[in-house]
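Text of structure_22.txt (compact mmCIF, C-alpha atoms) as supplied:
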```
# COMPACT_ATOMS: atom_id res chain seq x y z
CA LEU A 12 -0.86 8.84 -22.40
CA LEU A 13 -1.75 6.69 -19.38
CA THR A 14 1.04 5.39 -17.18
CA SER A 15 0.88 3.30 -14.04
CA ASN A 16 1.97 4.31 -10.57
CA CYS A 17 2.64 2.45 -7.32
CA TRP A 18 -0.89 2.45 -5.87
CA GLY A 19 -2.63 1.66 -9.14
CA PHE A 20 -0.29 -1.26 -9.64
CA ALA A 21 -0.75 -2.61 -6.07
CA TRP A 22 -4.55 -2.24 -6.30
CA GLU A 23 -4.83 -4.15 -9.56
CA VAL A 24 -2.48 -6.95 -8.52
CA LEU A 25 -4.43 -7.56 -5.30
CA PHE A 26 -7.83 -7.63 -6.97
CA GLN A 27 -6.65 -9.83 -9.80
CA ALA A 28 -5.08 -12.25 -7.31
CA ASP A 29 -8.49 -12.55 -5.63
CA ASN A 30 -10.35 -13.09 -8.92
CA PRO A 31 -10.75 -16.76 -9.91
CA ASP A 32 -11.27 -15.81 -13.56
CA THR A 33 -8.10 -13.76 -14.00
CA SER A 34 -6.53 -14.25 -17.39
CA ALA A 35 -4.93 -10.82 -17.77
CA MET A 36 -4.14 -7.78 -15.68
CA THR A 37 -4.78 -4.15 -16.51
CA VAL A 38 -2.51 -1.77 -14.66
CA SER A 39 -4.38 1.37 -13.68
CA THR A 40 -3.60 4.72 -12.16
CA ALA A 41 -5.45 7.02 -9.80
CA ASP A 42 -4.92 10.25 -7.95
CA PRO A 43 -3.60 9.99 -4.35
CA THR A 44 -6.95 10.81 -2.73
CA SER A 45 -8.89 8.16 -4.68
CA ALA A 46 -6.17 5.58 -4.07
CA TRP A 47 -6.17 6.38 -0.32
CA ARG A 48 -9.96 5.97 -0.12
CA ALA A 49 -9.84 2.67 -1.99
CA LEU A 50 -6.94 1.15 -0.04
CA THR A 51 -8.33 2.21 3.35
CA GLY A 52 -11.98 1.45 2.54
CA PRO A 53 -14.12 -1.60 3.37
CA GLY A 54 -12.08 -3.83 1.06
CA PHE A 55 -8.94 -3.64 3.22
CA ASP A 56 -8.30 -4.50 6.86
CA LEU A 57 -5.82 -2.49 8.90
CA ILE A 58 -3.10 -4.87 10.10
CA GLN A 59 -0.78 -2.44 11.92
CA SER A 60 0.33 1.18 11.91
CA SER A 61 3.35 3.18 13.03
CA LEU A 62 0.91 5.72 14.49
CA THR A 63 -0.28 3.26 17.14
CA LYS A 64 2.94 1.21 17.36
CA PRO A 65 5.98 3.36 16.57
CA LYS A 66 8.28 0.46 17.54
CA LEU A 67 7.23 -1.33 14.30
CA ILE A 68 9.76 0.81 12.44
CA SER A 69 12.78 -0.33 14.48
CA ASP A 70 11.77 -3.86 15.56
CA LYS A 71 11.99 -6.33 12.65
CA LYS A 72 10.41 -9.24 14.54
CA LEU A 73 7.46 -7.15 15.74
CA ARG A 74 7.00 -5.58 12.30
CA ASN A 75 6.90 -8.90 10.42
CA GLN A 76 5.04 -11.17 12.85
CA ARG A 77 1.55 -10.26 11.58
CA LEU A 78 2.35 -9.67 7.90
CA GLN A 79 1.59 -11.98 4.97
CA SER A 80 2.67 -11.94 1.36
CA GLY A 81 0.30 -9.67 -0.51
CA ASP A 82 -0.22 -7.18 2.31
CA VAL A 83 0.27 -3.59 1.22
CA LEU A 84 2.28 -0.93 2.99
CA LEU A 85 0.89 2.59 2.63
CA LEU A 86 3.35 5.43 3.18
CA TRP A 87 1.61 8.75 3.83
CA HIS A 88 1.78 12.07 5.59
CA THR A 89 -0.69 14.71 6.71
CA ILE A 90 -0.81 18.15 5.18
CA ALA A 91 -1.51 20.97 7.58
CA SER A 92 -3.98 23.28 5.90
CA SER A 93 -6.31 25.95 7.21
CA ASN A 94 -9.18 24.89 4.95
CA ARG A 95 -8.63 21.10 5.28
CA PRO A 96 -6.96 20.24 8.60
CA ASN A 97 -5.13 16.90 8.73
CA LYS A 98 -5.58 16.12 5.05
CA VAL A 99 -3.87 12.83 4.20
CA TYR A 100 -1.53 12.53 1.23
CA LEU A 101 -0.66 9.03 0.02
CA ASP A 102 3.00 9.11 -1.01
CA HIS A 103 3.74 5.49 -1.92
CA VAL A 104 2.41 1.92 -1.82
CA VAL A 105 4.44 -1.29 -1.82
CA THR A 106 3.38 -4.93 -1.73
CA CYS A 107 4.87 -7.30 0.85
CA ILE A 108 6.62 -10.36 -0.60
CA ASP A 109 8.42 -11.75 2.45
CA GLU A 110 10.08 -10.51 5.66
CA ASP A 111 11.20 -6.96 4.88
CA VAL A 112 11.11 -7.60 1.12
CA TYR A 113 8.64 -5.63 -1.00
CA PHE A 114 7.60 -5.28 -4.63
CA GLU A 115 6.96 -1.80 -5.95
CA LYS A 116 6.51 0.50 -8.88
CA SER A 117 9.09 2.99 -7.71
CA GLY A 118 7.17 6.03 -8.97
CA SER A 119 5.10 6.87 -12.02
CA GLY A 120 5.96 7.07 -15.68
CA ASP A 121 7.25 4.80 -18.40
CA ASN A 122 10.91 5.01 -17.37
CA VAL A 123 10.42 4.19 -13.69
CA PRO A 124 10.99 0.51 -12.95
CA TYR A 125 9.04 -2.16 -11.16
CA ARG A 126 11.43 -3.63 -8.64
CA ILE A 127 11.99 -5.68 -5.53
CA ASN A 128 13.09 -3.48 -2.65
CA THR A 129 14.20 -4.13 0.92
CA TRP A 130 13.17 -2.53 4.20
CA GLU A 131 16.44 -0.62 4.18
CA GLY A 132 15.81 0.70 0.67
CA ILE A 133 12.26 1.81 1.46
CA THR A 134 13.22 3.53 4.71
CA ALA A 135 16.05 5.32 2.90
CA ASN A 136 13.58 6.70 0.34
CA PHE A 137 10.78 7.38 2.85
CA PRO A 138 12.30 8.33 6.22
CA PRO A 139 10.10 7.09 9.08
CA PHE A 140 10.36 10.41 10.92
CA VAL A 141 8.57 12.09 7.98
CA PHE A 142 6.03 9.45 6.88
CA ASN A 143 3.39 7.30 8.54
CA TRP A 144 3.59 3.56 7.82
CA GLU A 145 0.40 1.52 7.60
CA TRP A 146 0.04 -2.11 6.57
CA ARG A 147 -3.29 -3.31 5.15
CA ARG A 148 -4.68 -6.59 3.83
CA LEU A 149 -7.21 -7.18 1.08
CA VAL A 150 -10.42 -8.70 2.42
CA ARG A 151 -10.92 -11.78 0.23
CA ARG A 152 -14.30 -12.22 -1.44
CA ASN A 153 -15.63 -9.09 0.22
CA ARG A 154 -18.96 -8.09 -1.31
CA ASN A 155 -18.56 -4.55 0.06
CA SER A 156 -15.29 -3.85 -1.72
CA PRO A 157 -15.41 -2.12 -5.09
CA SER A 158 -14.47 -4.35 -8.00
CA ILE A 159 -15.49 -4.48 -11.61
CA TRP A 160 -15.63 -8.26 -11.70
CA GLN A 161 -18.06 -8.83 -8.86
CA PRO A 162 -21.75 -9.21 -9.79
```
Any chance you could put this one into structure tokens?
Amino acid sequence: LLTSNCWGFAWEVLFQADNPDTSAMTVSTADPTSAWRALTGPGFDLIQSSLTKPKLISDKKLRNQRLQSGDVLLLWHTIASSNRPNKVYLDHVVTCIDEDVYFEKSGSGDNVPYRINTWEGITANFPPFVFNWEWRRLVRRNRNSPSIWQP
């Protein structure tokens, strides 16, 4: 049985929104490593990160001034490992709707809802002192980004 998760849902919504021939959407799923590579690859621009600007977490005006509807927020942490130092693990992805309002698949599985969540709700579930916060934007009509609908 195939079920969707947060990053598969965000990925598909963004690519279908950029496709002029969209008539239906297929919600997909992927493992965290593949999703991380896709969402941080050539198809997405880095808008801002809590690693370079920690104040983004506490300053609402600063956090929202560069964001647009459709931007994705990646929540991740590094795993200390002797054989793979600084390995990244993608924990969650949400899609920006408006100032501090996000749309998400709140986990994976058939009984986990799609929902609108607030900044307060997301920070309660993913404490900023544990996770890194990175906002990215789909590069529109990017020939270098992977997509099944591009020639």
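Checking A:Asn143, A:Phe26, A:Arg151, A:Gly132 one by one against Thr63 (chain A), counting all atoms listed in the file, you find the shortest gap at A:Asn143.
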Next on the checklist: Excluding Lys98 (chain A) and its own-chain neighbours fewer than 4 positions away, which residues fall within 12 Å of it when counting only C-alpha atoms? Please give them as a list in words.
Outcome noted: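 Listing them by chain and then by number gives Pro43, Thr44, Trp47, Trp87, His88, Thr89, Ile90, Ala91, Ser92, Ser93 and Asn94 of chain A.
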Next on the checklist: When you count only C-alpha atoms, which of these residues is closest to Thr51 (chain A): A:Asn16, A:Trp22, A:Pro138, A:Ser80?
Outcome noted: A:Trp22
Checklist entry - Given the choices A:Tyr125, A:Trp130, A:Tyr113, A:Phe55, which gets closest to Leu149 (chain A) if the distance is worked out from only C-alpha atoms? => result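 Ranking A:Tyr125, A:Trp130, A:Tyr113, A:Phe55 by distance to Leu149 (chain A), first place goes to A:Phe55.
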Checklist entry - Do you have the CA of Arg74 (chain A)-CA of Thr106 (chain A) distance handy? => result 14.5 Å
Item to check | Coordinates-based distance that separates CA of Ala49 (chain A) from CA of Asp111 (chain A) (Å, one decimal) | outcome: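 That distance, rounded to one decimal, is 24.1 Å.
Taking CA of Ser119 (chain A) as the reference point, CA of Ser69 (chain A) is found at 28.5 Å.
Minimum atom-to-atom distances from A:Glu110, A:Leu86, A:Pro124, A:Lys116 to Leu62 (chain A) were compared using all atoms listed in the file, and the lowest value belongs to A:Leu86.
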Checklist entry - With all atoms listed in the file as the basis for distance, which of A:Asp109, A:Asp82, A:Glu145, A:Asp42 is at the shortest distance from Cys17 (chain A)? => result A:Asp42
Item to check | Residues within 12 Å of (8.1, 3.2, -6.8), counting all atoms listed in the file, listed as a count of residues only | outcome: 34
Checklist entry - Using all atoms listed in the file, which residue out of A:Asp70, A:Gln79, A:Pro65, A:Val99 lies closest to Pro139 (chain A)? => result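 The answer is A:Pro65, which sits nearest to Pro139 (chain A).
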Next on the checklist: Show me the residues around (-0.3, 1.6, 10.7) - criterion: an atom at most 6 Å away, all atoms listed in the file counted - as an NGL selection string.
Outcome noted: :A and (59-62 or 144-146)
Go ahead and write the selection's residues with C-alpha atoms as a compact mmCIF listing (two decimals), in the frame of the given file.
```txt
# COMPACT_ATOMS: atom_id res chain seq x y z
CA GLN A 59 -0.78 -2.44 11.92
CA SER A 60 0.33 1.18 11.91
CA SER A 61 3.35 3.18 13.03
CA LEU A 62 0.91 5.72 14.49
CA TRP A 144 3.59 3.56 7.82
CA GLU A 145 0.40 1.52 7.60
CA TRP A 146 0.04 -2.11 6.57
```
